[in-house]
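Participant: I'd like to ask you about the structure that follows.
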Amino acid sequence: MKSKPPHSTLLHRLAWAGAVLAFGLIVLGGIVRITGSGMGCGDDWPRCNGEWFPPLDLPALIEISHRWVAALVSLVIIGVTAVAWRYHRSNPSIRNPATFALLLLVGQVLLGAITVKLALPPWVVIVHFTNAMVLLAVLIVTALRAGETGAYARADGSSGALPRSQRHSAHRLVWATGWFGFVVILFGAQVANFDAGLLCLGFPLCHGSVLPPPTPLAALPWVHRMLAFIFLGLVLTLAIKTRRQMNASSRPLRRWTAIVLGITAAQIALGAAMVLHLLSPPFRVAHLLVGTALWAALVILLYYSNRTPARAAETIEVPAGQPTVLHDLITLTKPRIISLLLLTTVAPMFITPVGPPTMSLVFWVLLGGYLMAGGANAINMWFDRDIDDKMSRTRSRPIPAGRIAPGAGLAFGILLGLLAFAVFWYRVNQLSAWLALGGLLFYVFVYTIWLKRSSPQNIVIGGAAGAFPPLVGWTAMTGQLDLAAIYLFAIVFYWTPPHFWALALIKQREYARAGVPMLPVVRGESRTKFEMLAYTLILLPLTIMPTVFGALGTFYGIAALLLGARLLWYCIRLIRERATIPVAWQMYRYSLIYLALLFVAMGVDRVVPFGHRTESPKVLILNHPERELDPAGAAHLGH
């Protein structure tokens with residue numbers, strides 16, 4: 001394969017530099033509009049208030065910064081056009097978009113001047129924005145086409161777009177999706193520039209109604225929102241269609257489809273947050289930034305769609321048993337692990353002093369809990385993709401297997417976390433929202449990024465993230481953190497090491513190969529088994545104490561004794577028997593059942609009357625030690 005000529009490299013880099021600067025200029029222009037700085041220099045142009053270097057207050061600083069960046073973009077685009085005409089005059093696929101970029105630049109400068117002179121009329125601002133987006137697209141196309149030469153050409157040595165009849169079967173859907181996305185973006189610009197965002201409050205519906213508001217201007221944000229949902233459906237359909245064609249030729253197309261899907265999900269989440277926060281400026285800027293990134297990704301997707309051949313794309317079909325995109329996205333959330341977390345979230349809701357929860361509240365806590373835990377797990381899979389690829393039990397996960405792009409997996413995880421925070425904030429309470437987010441951040445930053453790869457005690461400290469759910473469930477009912485909630489946190493905290501180290505004993509060779517310093521790898525099996533026993537001996541009395549002090553009844557006490565005795569039996573067997581792996585498997589599986597049944601027993605003990613509970617003239621409630629109950633009061637946790 002021939003190397004790329006120096007002038008092609010120059011054009012390639014210049015065009016990408018222009019695209020990056022144009023991207024920043026669009027976002028900076030949005031900041032000008034959002035902050036009301038458009039008239040920061042008055043109606044003067046190109047100078048600012050009659051001066052080239054005026055005294056700068058904040059509006060003038062923002063506006064003049066936008067103009068100086070525009071000047072820099074202009075110089076780069078002139079350079080792109082000059083290089084294209086100097087070295088690629090005979091190649092219309094490069095010369096034409098470079099020339100078109102210069103024409104768009106002239107139009108953009110004139111539109112900028114008109115916008116200022118006419119004091120920011122909405123339609124002129126929208127046309128100015130549209131022209132900027134087209135200019136960004138043309139610069140990206142120029143950069144990509146310049147990169148096709150030599151080392152950037154296709155494997156067969158050719159370059160350029162294929163004839164329509166030879167393009168893959170999803171090509172029309174790609175183009176329909178791309179242009180539909182552009183329409184959605186332009187509708188968003190209209191909503192912003194006509195200040196119609198606050199006329200459609202609530203999410204996903206306007207004021208809770210399926211029908212649009214009665215006035216044309218109020219219907220504008222409703223139409224924008226409906227178009228966005230349709231666009232999401234198109235992207236999902238495209239992801240499924242391209243996912244079925246797994247080979248090297250279609251890999252760039254599949255990768256960029258996944259990226260577009262991830263950005264789209266993030267954009268819808270930001271749109272929801274923006275509306276729910278009454279068009280807060282930071283959310284508006286983020287919404288514009290991600291929307292611009294979405295448009296850039298769509299342009300690149302269209303580029304690769306023109307260059308993916310039908311025959312190569314359709315020769316290898318995905319086997320019938322191959323997971324779908326939806327299945328892979330669900331896999332990223334680790335639903336089997338989440339089921340236990342949700343149980344430890346909901347069970348405390350039934351034992352608080354407030355009384356039993358409503359089914360509506362349980363639903364929102366379950367939804368928010370799943371989304372938050374799923375987001376944490378997806379981000380964990382994104383960060384650990386290099387480790388997962390080295391371990392047999394994780395090698396088939398969507399990201400290391402190549403079925404989902406890493407960036408799309410990360411965006412999906414962040415999106416779930418944002419949605420979960422919104423659910424807790426608006427449907428549960430703010431304390432639960434912050435605790436749930438705290439659990440995600442602790443799991444991602446403290447455990448996944450910091451401790452997992454650096455300390456054999458990773459699961460002891462980092463595993464505390466799994467103890468956040470009881471706090472979330474408790475505060476969802478009470479609105480405050482009590483001693484009882486901390487007590488439940490402690491139970492899960494001390495349960496985590498013996499549970500996870502059982503799995504670490506089984507998979508210690510894989511952890512060693514992946515370079516993860518789990519306790520069995522660093523300290524050996526004997527030390528691991530001893531520490532498992534130590535944590536279990538701390539855990540068992542901790543679980544029985546609520547019955548001893550009258551916080552929970554006899555039913556729970558008997559259940560905790562029986563369940564704990566079997567867990568202790570497995571620990572002793574691990575120490576005594578030489579065959580570690582079979583016993584470790586038994587203990588690992590049982591520890592899952594143990595925690596689930598323990599929390600179920602708490603809820604059952606609270607809801608169902610099982611004979612006589614401990615009562616006395618003065619019994620302290622565990623979560624409110626300063627309060628005393630008479631014999632007629634409930635003397636157990638959660639009354």
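By order in the structure tokens, chains are A, B, ...; within a chain, residues start at 1; ligands start at 1, following the order shown.
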At a cut-off of 8 Å, using only C-alpha atoms, what residues contact A:Ala170? Leave out same-chain residues fewer than 6 positions from it and give the result as a PyMOL selection string.
Facilitator: chain A and resi 238+241-242
Participant: At a cut-off of 10 Å, using only C-alpha atoms, what residues contact A:Ser339? Leave out same-chain residues fewer than 5 positions from it and give the result as a list in words.
Facilitator: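 Close residues of A:Ser339: Lys334, Thr344, Thr345, Leu366, Gly369, Tyr370, Ala373 and Ala596 of chain A.
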Participant: Using only C-alpha atoms, which residues sit within 10 Å of A:Arg33 once same-chain residues fewer than 4 positions away are excluded, as a PyMOL selection string?
Facilitator: chain A and resi 27-29+37-39+62-63+120+125+192-193+285
Participant: Just write the chosen residues, N, CA, C and O atoms, as a short mmCIF file (atom, residue, chain, number, x, y, z; two decimals), in the first residue's frame.
Facilitator:
```cif
data_model
loop_
_atom_site.label_atom_id
_atom_site.label_comp_id
_atom_site.auth_asym_id
_atom_site.auth_seq_id
_atom_site.Cartn_x
_atom_site.Cartn_y
_atom_site.Cartn_z
N VAL A 27 -20.39 25.83 19.45
CA VAL A 27 -20.69 25.79 20.88
C VAL A 27 -20.52 27.18 21.51
O VAL A 27 -21.34 27.62 22.32
N LEU A 28 -19.46 27.88 21.12
CA LEU A 28 -19.24 29.22 21.64
C LEU A 28 -20.36 30.16 21.21
O LEU A 28 -20.80 31.02 21.99
N GLY A 29 -20.84 29.99 19.96
CA GLY A 29 -21.98 30.78 19.52
C GLY A 29 -23.22 30.51 20.36
O GLY A 29 -24.01 31.42 20.65
N SER A 37 -25.21 37.40 25.35
CA SER A 37 -24.05 38.25 25.05
C SER A 37 -24.00 38.67 23.58
O SER A 37 -23.00 39.26 23.15
N GLY A 38 -25.04 38.34 22.82
CA GLY A 38 -25.01 38.63 21.39
C GLY A 38 -24.86 40.10 21.08
O GLY A 38 -24.29 40.48 20.05
N MET A 39 -25.37 40.95 21.96
CA MET A 39 -25.24 42.40 21.76
C MET A 39 -24.18 42.98 22.70
O MET A 39 -24.20 44.16 23.04
N ILE A 62 -17.33 37.50 25.92
CA ILE A 62 -17.86 36.32 25.26
C ILE A 62 -18.08 36.58 23.77
O ILE A 62 -17.70 35.77 22.91
N GLU A 63 -18.65 37.72 23.44
CA GLU A 63 -18.92 38.05 22.04
C GLU A 63 -17.63 38.23 21.24
O GLU A 63 -17.50 37.71 20.13
N LEU A 120 -30.12 40.46 16.45
CA LEU A 120 -30.40 39.04 16.73
C LEU A 120 -31.84 38.61 16.43
O LEU A 120 -32.51 38.03 17.29
N VAL A 125 -30.72 34.18 13.13
CA VAL A 125 -29.86 33.37 14.00
C VAL A 125 -29.96 31.90 13.63
O VAL A 125 -28.94 31.17 13.60
N ALA A 192 -35.11 26.95 20.75
CA ALA A 192 -34.22 27.79 21.56
C ALA A 192 -34.35 29.26 21.19
O ALA A 192 -34.45 30.13 22.06
N ASN A 193 -34.37 29.55 19.88
CA ASN A 193 -34.33 30.95 19.45
C ASN A 193 -35.68 31.65 19.56
O ASN A 193 -35.73 32.88 19.59
N VAL A 285 -26.09 24.54 27.43
CA VAL A 285 -24.80 24.48 26.75
C VAL A 285 -24.43 23.02 26.46
O VAL A 285 -23.97 22.68 25.36
#
```
Participant: So which residues touch A:Val138 within 8 Å, counting only C-alpha atoms, skipping near sequence neighbours fewer than 2 positions away, as a ChimeraX atom specification?
Facilitator: /A:97-98,100-101,134-136,140-142
Participant: What's the 9 Å shell around A:Met602, counting only C-alpha atoms, without same-chain residues fewer than 2 positions away, as a list in words?
Facilitator: Ala347, Pro348, Phe350, Ile351, Leu552, Gly553, Phe555, Tyr556, Leu597, Leu598, Phe599, Val600, Val604, Asp605, Arg606 and Val607 of chain A
Participant: Taking 6 positions as the minimum chain separation for residues in the same chain, which residues sit within 7 Å of A:His224 when counting only C-alpha atoms? Answer as a ChimeraX atom specification.
Facilitator: /A:184,187-188
Participant: What's the 9 Å shell around A:Gly30, counting only C-alpha atoms, without same-chain residues fewer than 6 positions away, as a PyMOL selection string?
Facilitator: chain A and resi 129+284-285+288-289
Participant: May I ask which of the residues A:Pro121, A:Gly409, A:Pro252, A:Pro59 is the closest one to A:Asn380, counting only C-alpha atoms?
Facilitator: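 Among the listed residues, A:Gly409 lies closest to A:Asn380.
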Participant: Just list as a PyMOL selection string whatever in stretch 149-375 of chain A DSSP marks as alpha helix (DSSP H).
Facilitator: chain A and resi 171-193+216-243+251-276+281-305+310-314+325-332+335-346+359-375
Participant: So, with only C-alpha atoms as the atoms that count, which of A:Thr292, A:Thr496, A:Thr478, A:Thr324 lies closest to A:Ala137?
Facilitator: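 The closest residue to A:Ala137 is A:Thr292.
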Participant: Could you check the closest approach to A:Trp434 for each of A:Gln190, A:Ser74, A:Asn96, A:Thr475 and tell me which residue wins, using only C-alpha atoms?
Facilitator: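 Nearest to A:Trp434: A:Thr475.
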